[in-house]
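A.B. asks: Sending over a structure as structure tokens; questions will come in a sec.
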Amino acid sequence: MVVIPDSYSTSGSAKIQRVYISPSSDFGTPSEAMSRNLRLFNESLSNTGFVIIHLDHDPSDIRTAASNFFEASESDKMRYNFGSYGNPKGGYTPVGVEDVGSTSGSETGKDWVENYVFRVHPDNDAADTNHPKELVEAGRVYFEQMEALLKVLLKMAAASFDLEEDYFNKQFWPGPNGNALRLAHYPPQSTSSSTISSSSIRYGAHTDYQAFTILSPDPTDDLDGYGGLEVMVGEEWVKVKSEGGLVVNAGDLWVDWTGGRWKSGLHRVVNPSSEEAMGKSRLSVPFFSGPRPETLVFDVLGGQGEGGGVMAGEHLRRKLERSNL
Ligand SMILES: O=C(O)CCC(=O)C(=O)O
Ligand SMILES: [Fe+2]
């Protein structure tokens, strides 16, 4: 039984809503509860670009596998570096390479994060590249859970705009699509790193590049002094309190798909402010989703219009180039 905490108030009238969903939700026969959830989902994404999803979910296996991996020495981890961040094979990227803020014009310098990325689909099987076995096994299970949830979210999106149930799902499957799992590890900041400048934060302000991102945040994010994920609502940075839910946000493509009705919320990960939290690491697990790269994304309500539409893969490529400069 999942208990949903009270809906999440932020500044002004814009609220990040909490929505309970079950993976077996049938959007073809809407019930009263379902209509309410759909309304909150739509409202939350329109006002903030974020929504918190509560469901039966246990990320402990992937979190344990990721923590074990990041504990290894730098040279061991570098054996799994297969190129720049965003390369098709994924793999390990050390601290001091990515600068995600530059994709949205914010200047905080290199991000204080190391990460591991992989994709699982028939034409780009994670097992074909030399990924660490323990990570891939736990990752494969988690990836499948995220894809199941994504399918439900895409149905909710279609229902929000009175489109046929599989309107968006058909743009993702059959793949290969833009889905990718990222394991993000933010090392303790009490130990200084020469690759990082003093203006750096854990992850600079940015919007996500594709469709939905489904994030399992670090549970300590809810505590005061621990930093963590923040989203810009109106003119204010607001701390995202997941309270056990998964944080879902709409990436840039939703702005194109919805003609701007849904926001691609600007977000960042800030440094801890308490002495205690500075000595702790943070681990988050975002799952990014995107349609097949050749998908032309245009306003589903307004039509394709004059020269409208953005090619999903092209948009992703441009954003990744900027983040690695
Ligand atoms: O670590 C987090 O909580 C957020 C990560 C993020 O924004 C991203 O990977 O795009
Ligand atoms: Fe993000």
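Just remember, in the structure tokens the first chain shown is A, the second B, etc., residues are 1-based per chain, and ligands are 1-based in the order shown.
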How close does chain A get to ligand 1? List, as a tab-separated table, each residue of chain A within 7 Å, its nearest atom pair and the distance in Å to one decimal, counting only C-alpha atoms and all ligand atoms.

C.D. replies:
```
residue	atom	partner	partner_atom_place_in_ligand_line	distance
A:Arg182	CA	ligand 1	9 (O)	6.9
A:Ala184	CA	ligand 1	1 (O)	6.0
A:Tyr203	CA	ligand 1	5 (C)	6.9
A:Asp208	CA	ligand 1	10 (O)	5.6
A:Leu215	CA	ligand 1	3 (O)	6.8
A:Pro217	CA	ligand 1	3 (O)	5.2
A:Gly228	CA	ligand 1	3 (O)	6.3
A:Leu229	CA	ligand 1	3 (O)	4.9
A:His267	CA	ligand 1	7 (O)	6.4
A:Arg268	CA	ligand 1	7 (O)	6.1
A:Val269	CA	ligand 1	2 (C)	5.9
A:Ser284	CA	ligand 1	1 (O)	4.8
A:Val285	CA	ligand 1	1 (O)	6.9
A:Pro286	CA	ligand 1	9 (O)	5.5
```

A.B. asks: Quick one: everything within 7 Å of Val95 (chain A), counting only C-alpha atoms, minus sequence neighbours fewer than 5 positions away in the same chain. Send it as a PyMOL selection string.

C.D. replies: chain A and resi 112-114

A.B. asks: Find the residues near Arg39 (chain A): any atom within 9 Å, counting only C-alpha atoms, skip ones fewer than 5 places away on the same chain, and give them as a PyMOL selection string.

C.D. replies: chain A and resi 34+44+160

A.B. asks: Tell me, as a ChimeraX atom specification, which residues lie within 10 Å of region 14-16 of chain A, counting only C-alpha atoms; anything in the same chain fewer than 6 positions away does not count.

C.D. replies: /A:7-8,40-41,43-52,231,233-234,238,240-241,247

A.B. asks: Return the single residue from A:Trp237, A:Tyr92, A:Tyr186, A:Phe212 that is closest to ligand 2, with distances computed using only C-alpha atoms and all ligand atoms.

C.D. replies: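 Looking at the shortest contact to ligand 2, the residue is A:Phe212.
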
A.B. asks: Given the choices A:Ser106, A:Thr64, A:Thr129, A:Ser274, which gets closest to Gly227 (chain A) if the distance is worked out from only C-alpha atoms?

C.D. replies: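 That would be A:Ser274, the residue with the smallest distance to Gly227 (chain A).
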
A.B. asks: Kindly indicate which residue among A:Ala65, A:Met278, A:His185, A:Asn179 lies nearest to Glu134 (chain A), using only C-alpha atoms for the distances.

C.D. replies: A:Ala65

A.B. asks: Which residues in region 114-205 of chain A does DSSP call alpha helix (DSSP H)? List them as a PyMOL selection string.

C.D. replies: chain A and resi 133-160+169-172

A.B. asks: Between A:Val152, A:Ala66, A:Ala159, A:Leu283, which one has atoms that come closest to Lys133 (chain A), using only C-alpha atoms?

C.D. replies: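 Residue with the minimum atom-to-atom distance to Lys133 (chain A): A:Ala66.
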
A.B. asks: For Glu144 (chain A), work out the shell of residues within 12 Å, counting only C-alpha atoms and skipping chain neighbours fewer than 3 positions away, then give it as an mmCIF file with C-alpha atoms, in the first residue's frame.

C.D. replies:
```cif
data_model
loop_
_atom_site.group_PDB
_atom_site.id
_atom_site.type_symbol
_atom_site.label_atom_id
_atom_site.label_comp_id
_atom_site.auth_asym_id
_atom_site.auth_seq_id
_atom_site.Cartn_x
_atom_site.Cartn_y
_atom_site.Cartn_z
ATOM 1 C CA ARG A 119 21.303 1.805 -22.651
ATOM 2 C CA VAL A 120 19.517 -1.466 -23.119
ATOM 3 C CA HIS A 121 17.921 -2.279 -26.421
ATOM 4 C CA VAL A 136 24.661 -4.237 -15.972
ATOM 5 C CA GLU A 137 22.630 -6.970 -14.282
ATOM 6 C CA ALA A 138 21.050 -4.627 -11.739
ATOM 7 C CA GLY A 139 20.786 -1.957 -14.417
ATOM 8 C CA ARG A 140 18.962 -4.218 -16.839
ATOM 9 C CA VAL A 141 16.275 -5.027 -14.272
ATOM 10 C CA GLU A 147 10.473 1.388 -19.409
ATOM 11 C CA ALA A 148 7.270 -0.128 -17.974
ATOM 12 C CA LEU A 149 6.636 3.056 -16.002
ATOM 13 C CA LEU A 150 7.511 5.209 -19.009
ATOM 14 C CA LYS A 151 4.853 3.432 -21.056
ATOM 15 C CA ASN A 179 16.229 5.849 -23.481
ATOM 16 C CA ALA A 180 19.282 5.761 -21.203
ATOM 17 C CA LEU A 181 20.015 5.070 -17.559
ATOM 18 C CA PHE A 287 16.384 7.425 -16.375
#
```

A.B. asks: I'd like the contact shell of Trp257 (chain A) - 8 Å cut-off, only C-alpha atoms, skipping same-chain residues fewer than 6 positions apart - returned as an mmCIF file with N, CA, C and O atoms, in the first residue's frame.

C.D. replies:
```cif
data_model
loop_
_atom_site.group_PDB
_atom_site.id
_atom_site.type_symbol
_atom_site.label_atom_id
_atom_site.label_comp_id
_atom_site.auth_asym_id
_atom_site.auth_seq_id
_atom_site.Cartn_x
_atom_site.Cartn_y
_atom_site.Cartn_z
ATOM 1 N N VAL A 297 9.394 15.943 -33.974
ATOM 2 C CA VAL A 297 8.555 16.316 -32.835
ATOM 3 C C VAL A 297 7.898 17.669 -33.114
ATOM 4 O O VAL A 297 8.589 18.657 -33.344
ATOM 5 N N PHE A 298 6.563 17.672 -33.133
ATOM 6 C CA PHE A 298 5.850 18.935 -33.391
ATOM 7 C C PHE A 298 4.616 19.019 -32.516
ATOM 8 O O PHE A 298 4.201 18.029 -31.911
ATOM 9 N N ASP A 299 4.046 20.197 -32.438
ATOM 10 C CA ASP A 299 2.897 20.481 -31.573
ATOM 11 C C ASP A 299 1.715 19.569 -31.934
ATOM 12 O O ASP A 299 1.142 19.689 -33.012
ATOM 13 N N VAL A 300 1.378 18.676 -31.012
ATOM 14 C CA VAL A 300 0.336 17.688 -31.296
ATOM 15 C C VAL A 300 -1.048 18.336 -31.370
ATOM 16 O O VAL A 300 -1.983 17.735 -31.879
#
```

A.B. asks: Tell me which protein, DNA and RNA residues are within 12 Å of Pro132 (chain A), counting only C-alpha atoms, leaving out same-chain ones fewer than 5 positions away, and put them as a ChimeraX atom specification.

C.D. replies: /A:65-66,68-70,72,76-81,91-92,116-118,126-127,137-139

A.B. asks: Tell me, which residues of region 90-307 of chain A carry DSSP strand (DSSP E or B), written as a PyMOL selection string?

C.D. replies: chain A and resi 91-93+114-118+180-186+203-206+212-216+228-233+236-239+246-250+267-270+282-288+296-297
